[in-house]
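Quick look at entry_14.txt (compact mmCIF, C-alpha atoms):
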# COMPACT_ATOMS: atom_id res chain seq x y z
CA MET A 1 21.97 20.46 -0.60
CA GLU A 2 20.32 17.07 -1.03
CA ARG A 3 23.06 14.46 -1.25
CA THR A 4 22.62 11.43 -3.46
CA ARG A 5 23.66 8.05 -2.16
CA VAL A 6 25.81 6.20 -4.62
CA ALA A 7 27.26 2.70 -4.24
CA VAL A 8 29.71 1.08 -6.62
CA LEU A 9 29.57 -2.67 -7.14
CA GLY A 10 32.31 -4.43 -9.06
CA THR A 11 31.70 -7.29 -11.47
CA LEU A 12 33.92 -9.61 -13.44
CA ALA A 13 32.33 -8.39 -16.62
CA GLU A 14 35.45 -8.78 -18.75
CA PHE A 15 34.98 -12.52 -18.90
CA HIS A 16 32.34 -12.18 -21.54
CA ARG A 17 31.57 -15.75 -22.35
CA ASP A 18 33.06 -17.52 -19.38
CA PRO A 19 30.67 -18.97 -16.87
CA ILE A 20 30.48 -16.96 -13.66
CA PRO A 21 31.68 -19.03 -10.71
CA TYR A 22 28.96 -17.86 -8.38
CA ASP A 23 25.25 -18.32 -8.87
CA LEU A 24 23.86 -15.32 -10.75
CA ALA A 25 20.76 -15.67 -8.61
CA ALA A 26 22.90 -14.40 -5.73
CA LEU A 27 23.63 -11.22 -7.67
CA VAL A 28 19.96 -10.83 -8.59
CA LYS A 29 18.95 -11.31 -4.97
CA LEU A 30 21.54 -8.81 -3.77
CA VAL A 31 20.51 -6.07 -6.19
CA ALA A 32 16.80 -6.80 -5.71
CA GLN A 33 17.27 -6.39 -1.97
CA LEU A 34 19.19 -3.16 -2.46
CA GLY A 35 16.39 -1.93 -4.71
CA PRO A 36 18.22 1.05 -6.20
CA ASP A 37 16.19 3.74 -7.96
CA LEU A 38 18.77 4.02 -10.70
CA LEU A 39 21.18 1.39 -11.97
CA CYS A 40 24.19 2.71 -13.89
CA LEU A 41 25.69 0.05 -16.14
CA GLU A 42 28.83 0.01 -18.23
CA ILE A 43 27.02 -0.28 -21.53
CA THR A 44 26.72 2.23 -24.32
CA ARG A 45 23.57 4.16 -25.07
CA ASP A 46 23.53 2.57 -28.50
CA GLN A 47 23.65 -0.95 -27.05
CA TRP A 48 20.82 -0.03 -24.73
CA GLN A 49 18.63 1.52 -27.40
CA ARG A 50 19.16 -1.39 -29.79
CA ARG A 51 18.54 -3.82 -26.94
CA ASP A 52 21.65 -5.59 -28.21
CA PHE A 53 22.84 -7.45 -25.16
CA SER A 54 24.47 -10.37 -26.94
CA ASP A 55 28.01 -9.18 -26.23
CA LEU A 56 27.41 -8.28 -22.61
CA SER A 57 28.65 -10.26 -19.65
CA PRO A 58 26.32 -12.84 -18.08
CA GLU A 59 26.08 -10.60 -15.04
CA TYR A 60 24.45 -7.89 -17.13
CA ARG A 61 22.69 -10.00 -19.76
CA ASP A 62 21.29 -12.77 -17.60
CA ALA A 63 20.94 -11.12 -14.21
CA LEU A 64 20.78 -7.34 -13.94
CA LEU A 65 18.95 -6.42 -17.14
CA PRO A 66 16.13 -8.97 -16.65
CA LEU A 67 15.83 -7.85 -13.02
CA ALA A 68 15.59 -4.21 -14.03
CA HIS A 69 13.04 -5.06 -16.72
CA GLN A 70 10.58 -6.51 -14.26
CA THR A 71 11.06 -4.09 -11.38
CA ASP A 72 11.15 -0.34 -10.85
CA ILE A 73 14.90 -0.18 -11.32
CA VAL A 74 15.71 2.23 -14.14
CA VAL A 75 18.78 1.36 -16.19
CA ILE A 76 21.19 4.11 -17.21
CA PRO A 77 23.88 3.31 -19.77
CA ILE A 78 27.00 5.22 -18.76
CA ALA A 79 29.73 3.94 -21.09
CA ASP A 80 31.25 5.91 -23.91
CA GLU A 81 30.24 4.88 -27.42
CA HIS A 82 33.78 3.67 -28.04
CA LEU A 83 34.70 1.16 -25.39
CA PRO A 84 38.47 0.67 -25.12
CA PRO A 85 39.56 -2.64 -26.62
CA GLU A 86 40.67 -5.35 -24.26
CA PRO A 87 44.49 -5.21 -24.02
CA VAL A 88 46.38 -7.44 -26.46
CA ALA A 89 50.02 -7.47 -27.45
CA ALA A 90 52.57 -9.58 -29.29
CA GLY A 91 55.75 -11.22 -28.00
CA TRP A 92 56.69 -11.15 -24.33
CA ARG A 93 54.00 -8.59 -23.60
CA GLY A 94 51.38 -10.95 -24.95
CA LYS A 95 52.76 -13.79 -22.82
CA MET A 96 52.66 -11.60 -19.71
CA ILE A 97 49.08 -10.56 -20.46
CA SER A 98 48.11 -14.24 -20.86
CA LEU A 99 49.76 -15.05 -17.56
CA PHE A 100 48.01 -12.23 -15.74
CA ARG A 101 44.71 -13.27 -17.28
CA ARG A 102 45.19 -16.81 -16.05
CA TRP A 103 45.78 -15.46 -12.57
CA LEU A 104 42.68 -13.32 -12.93
CA ALA A 105 40.71 -16.37 -13.95
CA THR A 106 42.04 -18.23 -10.91
CA VAL A 107 41.01 -15.37 -8.63
CA GLN A 108 37.65 -15.34 -10.37
CA ARG A 109 37.11 -19.04 -9.82
CA THR A 110 37.59 -18.62 -6.08
CA MET A 111 34.97 -15.88 -5.82
CA SER A 112 31.99 -17.63 -4.38
CA SER A 113 29.63 -14.66 -4.24
CA PRO A 114 29.23 -11.05 -5.39
CA ASP A 115 30.52 -10.06 -1.95
CA ALA A 116 33.76 -11.94 -2.55
CA ALA A 117 34.30 -10.01 -5.77
CA ASN A 118 33.93 -6.72 -3.92
CA GLN A 119 35.99 -7.02 -0.80
CA GLY A 120 39.09 -8.61 0.63
CA TRP A 121 42.22 -9.78 -1.11
CA ARG A 122 40.48 -11.03 -4.24
CA HIS A 123 39.13 -7.58 -5.00
CA GLU A 124 42.57 -6.02 -4.46
CA MET A 125 44.35 -8.75 -6.40
CA ALA A 126 42.01 -8.48 -9.38
CA ASN A 127 42.44 -4.72 -9.41
CA LEU A 128 46.23 -5.09 -9.36
CA LEU A 129 46.20 -7.65 -12.17
CA TYR A 130 44.06 -5.43 -14.36
CA TYR A 131 46.48 -2.58 -13.73
CA LEU A 132 49.49 -4.74 -14.60
CA ILE A 133 47.80 -5.91 -17.81
CA ALA A 134 47.29 -2.30 -18.87
CA VAL A 135 50.90 -1.41 -18.00
CA VAL A 136 52.35 -4.37 -19.88
CA THR A 137 50.14 -3.66 -22.90
CA GLY A 138 51.89 -0.31 -23.24
CA GLY A 139 50.93 2.30 -25.79
CA ASN A 140 47.88 4.25 -24.77
CA ALA A 141 46.21 1.46 -22.82
CA LEU A 142 46.37 3.21 -19.44
CA GLU A 143 45.22 6.51 -20.92
CA GLU A 144 42.36 4.87 -22.80
CA TRP A 145 41.08 3.19 -19.66
CA GLN A 146 41.46 6.44 -17.74
CA THR A 147 39.45 8.28 -20.38
CA HIS A 148 36.81 5.57 -20.21
CA ARG A 149 36.62 5.89 -16.42
CA GLU A 150 36.31 9.66 -16.63
CA GLN A 151 33.37 9.16 -18.95
CA LEU A 152 31.78 6.74 -16.49
CA ILE A 153 32.29 9.19 -13.62
CA GLN A 154 30.94 12.10 -15.66
CA GLN A 155 27.82 10.15 -16.57
CA VAL A 156 27.18 9.18 -12.95
CA LEU A 157 27.52 12.82 -11.92
CA GLU A 158 25.04 13.86 -14.61
CA VAL A 159 22.61 11.28 -13.29
CA VAL A 160 23.04 12.70 -9.78
CA LYS A 161 22.48 16.25 -11.00
CA ARG A 162 19.43 15.30 -13.06
CA ASP A 163 17.73 13.26 -10.37
CA PRO A 164 19.15 14.24 -6.97
CA GLY A 165 18.33 12.43 -3.76
CA ARG A 166 17.77 9.04 -5.35
CA ARG A 167 19.59 5.80 -4.57
CA VAL A 168 22.09 5.06 -7.31
CA LEU A 169 23.90 1.77 -7.80
CA VAL A 170 26.81 1.76 -10.22
CA VAL A 171 27.74 -1.72 -11.44
CA VAL A 172 30.98 -1.78 -13.42
CA ASN A 173 33.94 -4.03 -13.98
CA LEU A 174 35.85 -4.17 -10.73
CA ARG A 175 38.95 -2.67 -12.39
CA HIS A 176 37.13 0.69 -12.22
CA CYS A 177 35.94 0.59 -8.60
CA HIS A 178 39.18 1.93 -7.11
CA HIS A 179 39.03 4.93 -9.41
CA ILE A 180 35.34 5.73 -9.46
CA ARG A 181 34.74 5.70 -5.70
CA PRO A 182 37.43 8.29 -4.81
CA ALA A 183 36.42 10.52 -7.72
CA LEU A 184 32.78 10.50 -6.62
CA ARG A 185 33.73 11.12 -2.98
CA LYS A 186 35.16 14.49 -4.01
CA GLN A 187 31.75 15.65 -5.16
CA PRO A 188 29.75 17.47 -2.45
CA GLU A 189 26.42 16.33 -3.87
CA VAL A 190 27.40 12.65 -3.68
CA GLU A 191 27.56 10.39 -0.65
CA VAL A 192 29.48 7.26 -1.59
CA VAL A 193 28.36 4.34 0.57
CA PRO A 194 29.16 0.63 0.62
CA TYR A 195 26.56 -1.17 -1.45
CA SER A 196 25.34 -2.98 1.63
CA ARG A 197 24.30 0.41 3.06
CA LEU A 198 22.63 1.83 -0.02
CA MET B 199 14.97 7.27 1.27
CA THR B 200 14.04 3.61 1.44
CA LYS B 201 13.49 1.06 -1.27
CA TRP B 202 10.06 0.61 -2.77
CA PRO B 203 7.41 -1.50 -1.02
CA SER B 204 6.65 -4.92 -2.45
CA THR B 205 3.43 -5.27 -4.39
CA ARG B 206 1.02 -7.58 -2.62
CA LEU B 207 -0.38 -10.12 -5.04
CA ILE B 208 -3.63 -12.05 -4.75
CA ILE B 209 -4.19 -14.71 -7.40
CA LEU B 210 -7.78 -15.40 -8.39
CA SER B 211 -8.57 -18.50 -10.40
CA SER B 212 -11.30 -21.08 -10.14
CA ALA B 213 -8.91 -23.92 -11.00
CA SER B 214 -6.80 -25.21 -8.15
CA LEU B 215 -3.93 -26.29 -10.37
CA HIS B 216 -3.80 -22.88 -12.03
CA ARG B 217 -3.61 -21.19 -8.65
CA GLU B 218 -0.76 -23.37 -7.55
CA ALA B 219 1.03 -22.94 -10.88
CA TRP B 220 0.86 -19.16 -10.60
CA ARG B 221 2.04 -19.29 -7.03
CA ALA B 222 5.01 -21.45 -7.99
CA LEU B 223 5.86 -19.26 -10.96
CA LEU B 224 5.64 -15.93 -9.19
CA SER B 225 6.96 -16.75 -5.73
CA GLY B 226 10.47 -15.43 -5.43
CA GLN B 227 9.91 -12.68 -7.98
CA PRO B 228 11.59 -9.49 -6.77
CA ALA B 229 9.28 -6.79 -5.40
CA ILE B 230 6.24 -9.09 -5.41
CA LEU B 231 4.76 -10.67 -2.29
CA ILE B 232 2.15 -13.37 -2.84
CA VAL B 233 -0.52 -12.92 -0.21
CA ASP B 234 -2.71 -15.86 -1.15
CA THR B 235 -4.57 -17.58 -3.92
CA VAL B 236 -8.36 -17.56 -4.00
CA ALA B 237 -11.12 -19.17 -6.03
CA ASP B 238 -13.80 -16.55 -5.51
CA ALA B 239 -13.97 -12.76 -5.60
CA PHE B 240 -15.40 -12.55 -2.09
CA GLU B 241 -12.31 -14.26 -0.69
CA VAL B 242 -10.23 -11.26 -1.81
CA VAL B 243 -11.77 -8.85 0.70
CA PRO B 244 -10.19 -10.11 3.95
CA LEU B 245 -6.79 -10.17 2.26
CA LEU B 246 -6.76 -6.47 1.45
CA GLN B 247 -4.67 -4.00 3.43
CA PRO B 248 -5.16 -0.27 3.14
CA ASP B 249 -2.31 1.83 1.76
CA GLN B 250 -0.43 -1.18 0.43
CA PRO B 251 -0.01 -1.59 -3.33
CA THR B 252 -2.09 -4.65 -4.14
CA THR B 253 -2.80 -6.45 -7.38
CA VAL B 254 -5.39 -9.11 -8.01
CA LEU B 255 -4.28 -11.33 -10.89
CA VAL B 256 -7.41 -12.75 -12.50
CA ASP B 257 -7.07 -15.96 -14.48
CA VAL B 258 -10.43 -16.98 -15.91
CA LEU B 259 -11.25 -18.79 -19.11
CA SER B 260 -12.95 -15.90 -20.86
CA PRO B 261 -12.98 -12.22 -19.95
CA GLN B 262 -15.81 -11.48 -17.56
CA PRO B 263 -16.74 -7.82 -17.16
CA ASP B 264 -19.16 -8.84 -14.41
CA LEU B 265 -16.26 -10.22 -12.41
CA ALA B 266 -14.27 -7.03 -12.99
CA GLN B 267 -17.21 -4.96 -11.74
CA GLN B 268 -17.66 -7.19 -8.73
CA LEU B 269 -13.97 -7.01 -7.83
CA ARG B 270 -13.90 -3.25 -8.34
CA THR B 271 -16.75 -2.92 -5.86
CA LEU B 272 -15.23 -5.30 -3.35
CA ALA B 273 -11.68 -4.03 -3.68
CA PRO B 274 -11.86 -0.43 -4.91
CA GLU B 275 -8.21 0.35 -4.13
CA ALA B 276 -6.67 -2.81 -5.61
CA GLY B 277 -5.26 -3.09 -9.11
CA LEU B 278 -7.04 -5.68 -11.24
CA LEU B 279 -4.92 -7.45 -13.83
CA PHE B 280 -6.77 -9.75 -16.23
CA LEU B 281 -5.12 -12.49 -18.25
CA ILE B 282 -6.48 -12.45 -21.77
CA GLN B 283 -5.99 -14.55 -24.86
CA SER B 284 -5.06 -11.68 -27.17
CA TYR B 285 -5.10 -7.91 -27.22
CA GLU B 286 -8.43 -7.30 -28.94
CA LEU B 287 -9.23 -3.63 -28.35
CA SER B 288 -12.94 -4.30 -27.90
CA GLU B 289 -12.27 -7.00 -25.33
CA VAL B 290 -9.77 -4.85 -23.47
CA LEU B 291 -12.12 -1.86 -23.43
CA VAL B 292 -14.96 -3.88 -21.97
CA LEU B 293 -12.74 -4.98 -19.13
CA LEU B 294 -11.28 -1.53 -18.51
CA ARG B 295 -14.73 0.04 -18.44
CA ALA B 296 -15.87 -2.62 -16.01
CA GLY B 297 -13.05 -1.76 -13.63
CA ALA B 298 -9.97 -3.68 -14.74
CA THR B 299 -6.71 -1.80 -14.33
CA GLY B 300 -4.75 -3.71 -16.93
CA CYS B 301 -4.68 -6.74 -19.17
CA ILE B 302 -1.86 -9.04 -20.11
CA SER B 303 -1.70 -11.71 -22.78
CA ARG B 304 -1.09 -15.32 -21.93
CA ASP B 305 1.77 -15.14 -24.40
CA ALA B 306 3.60 -12.49 -22.37
CA SER B 307 6.95 -13.20 -20.76
CA LEU B 308 7.32 -13.71 -17.03
CA GLY B 309 9.23 -10.43 -16.84
CA ASP B 310 6.41 -8.55 -18.55
CA LEU B 311 3.88 -10.15 -16.21
CA ALA B 312 5.90 -9.19 -13.13
CA ARG B 313 6.25 -5.67 -14.43
CA ALA B 314 2.51 -5.42 -15.09
CA ILE B 315 1.69 -6.73 -11.61
CA ILE B 316 3.82 -3.99 -10.04
CA ALA B 317 2.38 -1.26 -12.27
CA VAL B 318 -1.23 -2.31 -11.75
CA GLY B 319 -0.69 -2.42 -7.98
CA ARG B 320 0.01 1.31 -8.16
CA GLY B 321 -3.13 1.90 -10.17
CA GLU B 322 -1.38 2.30 -13.51
CA ILE B 323 -3.08 1.08 -16.65
CA ALA B 324 -0.91 -1.80 -17.84
CA LEU B 325 -1.25 -2.54 -21.54
CA PRO B 326 1.30 -2.99 -24.30
CA PRO B 327 2.20 0.30 -26.02
CA HIS B 328 0.55 -0.59 -29.33
CA ILE B 329 -2.86 -0.79 -27.72
CA ALA B 330 -2.55 1.47 -24.66
CA GLY B 331 -2.86 4.74 -26.56
CA ARG B 332 -5.84 3.51 -28.59
CA ALA B 333 -7.53 2.23 -25.46
CA LEU B 334 -7.04 5.55 -23.69
CA ALA B 335 -8.36 7.45 -26.70
CA ALA B 336 -11.44 5.23 -26.84
CA LEU B 337 -12.02 5.64 -23.12
CA ALA B 338 -11.62 9.39 -23.39
CA ARG B 339 -14.31 9.51 -26.08
CA GLY B 340 -16.77 7.78 -23.80
CA GLU B 341 -15.96 9.62 -20.60
CA PRO B 342 -16.80 13.11 -19.54
CA VAL B 343 -13.46 14.80 -19.20
CA SER B 344 -13.01 18.06 -17.40
CA ASP B 345 -12.63 20.78 -19.98
CA ASP B 346 -11.35 23.24 -17.48
CA GLY B 347 -8.12 24.97 -18.28
CA LEU B 348 -4.95 24.44 -16.35
CA ILE B 349 -4.93 25.67 -12.79
CA GLU B 350 -1.22 26.37 -13.18
CA PRO B 351 1.06 26.07 -16.23
CA LEU B 352 2.95 22.81 -16.63
CA SER B 353 6.72 22.79 -16.66
CA GLU B 354 8.57 21.48 -19.68
CA ARG B 355 9.34 18.22 -17.87
CA GLU B 356 5.71 17.83 -16.77
CA VAL B 357 4.56 18.23 -20.36
CA GLU B 358 6.94 15.44 -21.37
CA VAL B 359 5.60 13.20 -18.61
CA LEU B 360 2.01 13.99 -19.55
CA ARG B 361 2.66 13.16 -23.21
CA LEU B 362 4.06 9.77 -22.29
CA LEU B 363 1.21 9.17 -19.86
CA ALA B 364 -1.26 9.90 -22.65
CA GLN B 365 0.45 7.25 -24.75
CA GLY B 366 -0.48 4.73 -22.10
CA MET B 367 2.97 4.26 -20.63
CA THR B 368 3.46 3.01 -17.10
CA ASN B 369 5.53 5.00 -14.62
CA LYS B 370 8.44 2.64 -15.21
CA ASP B 371 8.24 3.14 -18.98
CA ILE B 372 8.11 6.90 -18.55
CA ALA B 373 11.03 6.79 -16.12
CA GLN B 374 13.11 4.67 -18.46
CA THR B 375 12.29 6.90 -21.42
CA LEU B 376 13.26 10.09 -19.60
CA ILE B 377 16.11 8.41 -17.69
CA LEU B 378 14.69 9.42 -14.36
CA SER B 379 13.72 7.33 -11.35
CA VAL B 380 10.18 6.05 -10.88
CA ARG B 381 9.95 8.09 -7.68
CA THR B 382 10.69 11.26 -9.62
CA ILE B 383 8.00 10.42 -12.16
CA GLU B 384 5.55 9.88 -9.31
CA ALA B 385 6.44 13.31 -7.94
CA HIS B 386 5.91 14.90 -11.36
CA LEU B 387 2.54 13.14 -11.66
CA ARG B 388 1.40 14.44 -8.28
CA ASN B 389 2.24 17.97 -9.43
CA ILE B 390 0.46 17.36 -12.74
CA TYR B 391 -2.72 16.18 -10.98
CA GLY B 392 -2.73 19.38 -8.96
CA LYS B 393 -2.20 21.59 -11.97
CA LEU B 394 -4.88 19.82 -14.02
CA GLY B 395 -7.31 19.68 -11.13
CA VAL B 396 -7.76 15.92 -11.45
CA ARG B 397 -7.72 13.27 -8.75
CA SER B 398 -6.27 10.23 -10.42
CA ARG B 399 -3.85 8.96 -12.99
CA THR B 400 -6.68 7.80 -15.24
CA GLU B 401 -8.31 11.22 -15.15
CA ALA B 402 -4.99 12.84 -15.98
CA ALA B 403 -4.41 10.42 -18.87
CA LEU B 404 -7.90 11.00 -20.26
CA TRP B 405 -7.46 14.76 -19.89
CA ALA B 406 -4.19 14.54 -21.76
CA VAL B 407 -5.69 12.48 -24.60
CA GLU B 408 -8.64 14.86 -24.88
CA HIS B 409 -6.28 17.82 -25.07
CA GLY B 410 -4.08 16.32 -27.75
CA TYR B 411 -1.11 15.30 -25.64
CA GLY B 412 -1.36 11.70 -26.78
CA ALA B 413 -1.03 12.51 -30.46
CA ASP B 414 2.20 11.59 -32.19
CA GLU B 415 4.55 14.46 -32.78
Written as structure tokens, how would this file's structure read?
Amino acid sequence: MERTRVAVLGTLAEFHRDPIPYDLAALVKLVAQLGPDLLCLEITRDQWQRRDFSDLSPEYRDALLPLAHQTDIVVIPIADEHLPPEPVAAGWRGKMISLFRRWLATVQRTMSSPDAANQGWRHEMANLLYYLIAVVTGGNALEEWQTHREQLIQQVLEVVKRDPGRRVLVVVNLRHCHHIRPALRKQPEVEVVPYSRL
Amino acid sequence: MTKWPSTRLIILSSASLHREAWRALLSGQPAILIVDTVADAFEVVPLLQPDQPTTVLVDVLSPQPDLAQQLRTLAPEAGLLFLIQSYELSEVLVLLRAGATGCISRDASLGDLARAIIAVGRGEIALPPHIAGRALAALARGEPVSDDGLIEPLSEREVEVLRLLAQGMTNKDIAQTLILSVRTIEAHLRNIYGKLGVRSRTEAALWAVEHGYGADE
């Protein structure tokens, strides 16, 4: 069986309108050097077809989509049509969420490169903070994010089945990395590799 | 499986400032390697390398079919991309018949230009969709196209690829439309050439137009 190499790269895509602390050119350079055949992005098919990128993060809107447009990288939208809403809550829950977000923003500000967002304590800390935000939000927040991740994983697997043997880069919010990588590793047709070895 | 090779780019313009402007604009573009800038078609020849995707970007004041013919003779394997003022079908056809591989408007975006450079380097006809199909149809009318039947039946996927090819799409456009990689489209095209008994992309596209694959559904 021909195994498909898949790498998962985390972004800070939640911070929709905040400036990214590192130079987006570094992200462009990284992905251009990797030169994946297929680039799976956390956008909906509808957003992609309408070319409506106004609400996307700067990493997608200003870096990855223009890069894909002018190279051979083929973009694959892998998000469900109904993206889960960002967690919000009233009262003490809301205050906790605000606190965790401030910590996230602090972690974000110290990320000097795409590498820093994808390894080391910042990556782990950001993942933990996202998890805590979902827990504090309560209700169905955890389940909604889990459903969203399952959709992302399912779409990546369909890509692998449809076009086996290609080099696939999945770029999603880093809160999903810890879930997507293990799930993909269980699939015999997928070889999950660090993005630097794609 | 490695990443794709960079497209080697040679910039041809008689004006020194234009050459330097293009070099400055396009250096650092992903997947494009600027080999050199030249003022004359003959200077292109020593810069060519066999089996490397190469594009000559031609920036001249008015379209010159003679120059296209000359370059085609001197650099038969290279893609020739002409900058034009506007997409007039008659102007585009003259250039394509003379040997140009693609044309791009001076009003295009940098991203579109980079994309066209890469496509033309592979020998793909690079034109905007609204004119590509008409240009192919016009070329097909003027060219003898093999009327032989298929050597082997096309698969469903190959028919899809051939339809999009007949509409004048580049490999990247076809790949994005079918949500497949460019490498996979290239593999489908190689199979299609074999089944049609043609030797090139252009022949396959003309065959497809002649046989009704380019018509809208």
inquiry  = Could you work out which residues of chain B fall inside 9 Å of chain A? Count only C-alpha atoms, and format the result as JSON, numbers by chain.
reply    = {"B": [199, 200, 201, 202, 227, 228, 229, 308, 309, 310, 311, 312, 313, 314, 316, 317, 369, 370, 371, 373, 374, 377, 378, 379, 380, 381, 382]}
Please, could you write that set of residues out with C-alpha atoms as a PDB file, in the frame of the given file?
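So the final result, stored in again21.pdb, reads:
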ATOM      1  CA  MET B 199      14.970   7.270   1.270  1.00  0.00           C
ATOM      2  CA  THR B 200      14.040   3.610   1.440  1.00  0.00           C
ATOM      3  CA  LYS B 201      13.490   1.060  -1.270  1.00  0.00           C
ATOM      4  CA  TRP B 202      10.060   0.610  -2.770  1.00  0.00           C
ATOM      5  CA  GLN B 227       9.910 -12.680  -7.980  1.00  0.00           C
ATOM      6  CA  PRO B 228      11.590  -9.490  -6.770  1.00  0.00           C
ATOM      7  CA  ALA B 229       9.280  -6.790  -5.400  1.00  0.00           C
ATOM      8  CA  LEU B 308       7.320 -13.710 -17.030  1.00  0.00           C
ATOM      9  CA  GLY B 309       9.230 -10.430 -16.840  1.00  0.00           C
ATOM     10  CA  ASP B 310       6.410  -8.550 -18.550  1.00  0.00           C
ATOM     11  CA  LEU B 311       3.880 -10.150 -16.210  1.00  0.00           C
ATOM     12  CA  ALA B 312       5.900  -9.190 -13.130  1.00  0.00           C
ATOM     13  CA  ARG B 313       6.250  -5.670 -14.430  1.00  0.00           C
ATOM     14  CA  ALA B 314       2.510  -5.420 -15.090  1.00  0.00           C
ATOM     15  CA  ILE B 316       3.820  -3.990 -10.040  1.00  0.00           C
ATOM     16  CA  ALA B 317       2.380  -1.260 -12.270  1.00  0.00           C
ATOM     17  CA  ASN B 369       5.530   5.000 -14.620  1.00  0.00           C
ATOM     18  CA  LYS B 370       8.440   2.640 -15.210  1.00  0.00           C
ATOM     19  CA  ASP B 371       8.240   3.140 -18.980  1.00  0.00           C
ATOM     20  CA  ALA B 373      11.030   6.790 -16.120  1.00  0.00           C
ATOM     21  CA  GLN B 374      13.110   4.670 -18.460  1.00  0.00           C
ATOM     22  CA  ILE B 377      16.110   8.410 -17.690  1.00  0.00           C
ATOM     23  CA  LEU B 378      14.690   9.420 -14.360  1.00  0.00           C
ATOM     24  CA  SER B 379      13.720   7.330 -11.350  1.00  0.00           C
ATOM     25  CA  VAL B 380      10.180   6.050 -10.880  1.00  0.00           C
ATOM     26  CA  ARG B 381       9.950   8.090  -7.680  1.00  0.00           C
ATOM     27  CA  THR B 382      10.690  11.260  -9.620  1.00  0.00           C
TER      28      THR B 382
END
request  = Mind checking which residues fall within 12 Å of Thr253 (chain B), counting only C-alpha atoms, ignoring those fewer than 4 positions away in the same chain, and posting them as number ranges by chain?
outcome  = B: 204-210, 230-235, 242, 245-247, 269-270, 273-280, 298-301, 311-324
If we count all atoms listed in the file, what is near Ile97 (chain A) at a cut-off of 12 Å, once residues fewer than 2 positions away on the same chain are taken out, given as a short mmCIF file (atom, residue, chain, number, x, y, z; two decimals) with C-alpha atoms, keeping the file's coordinate frame?
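Wrote result-v4.cif, looks like this:
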data_model
loop_
_atom_site.label_atom_id
_atom_site.label_comp_id
_atom_site.auth_asym_id
_atom_site.auth_seq_id
_atom_site.Cartn_x
_atom_site.Cartn_y
_atom_site.Cartn_z
CA GLU A 86 40.67 -5.35 -24.26
CA PRO A 87 44.49 -5.21 -24.02
CA VAL A 88 46.38 -7.44 -26.46
CA ALA A 89 50.02 -7.47 -27.45
CA ALA A 90 52.57 -9.58 -29.29
CA GLY A 91 55.75 -11.22 -28.00
CA TRP A 92 56.69 -11.15 -24.33
CA ARG A 93 54.00 -8.59 -23.60
CA GLY A 94 51.38 -10.95 -24.95
CA LYS A 95 52.76 -13.79 -22.82
CA LEU A 99 49.76 -15.05 -17.56
CA PHE A 100 48.01 -12.23 -15.74
CA ARG A 101 44.71 -13.27 -17.28
CA ARG A 102 45.19 -16.81 -16.05
CA TRP A 103 45.78 -15.46 -12.57
CA LEU A 104 42.68 -13.32 -12.93
CA LEU A 129 46.20 -7.65 -12.17
CA TYR A 130 44.06 -5.43 -14.36
CA TYR A 131 46.48 -2.58 -13.73
CA LEU A 132 49.49 -4.74 -14.60
CA ILE A 133 47.80 -5.91 -17.81
CA ALA A 134 47.29 -2.30 -18.87
CA VAL A 135 50.90 -1.41 -18.00
CA VAL A 136 52.35 -4.37 -19.88
CA THR A 137 50.14 -3.66 -22.90
CA GLY A 138 51.89 -0.31 -23.24
#
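For region 393-409 of chain B, the set of protein, DNA and RNA residues having any atom at most 6 Å away, when counting all atoms listed in the file and skipping those fewer than 5 positions along the same chain, is Ala338, Leu348, Ile349, Glu350, Leu363 and Ala364 of chain B.
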query = Residues at most 12 Å from Gln262 (chain B), counting only C-alpha atoms, excluding those fewer than 3 positions away in the same chain, as a list in words?
reply =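 Counting only C-alpha atoms, the residues come to Val256, Asp257, Val258, Leu259, Leu265, Ala266, Gln267, Gln268, Leu269, Phe280, Leu281, Ile282, Glu289, Val290, Leu291, Val292, Leu293, Leu294, Arg295, Ala296, Gly297 and Ala298 of chain B.
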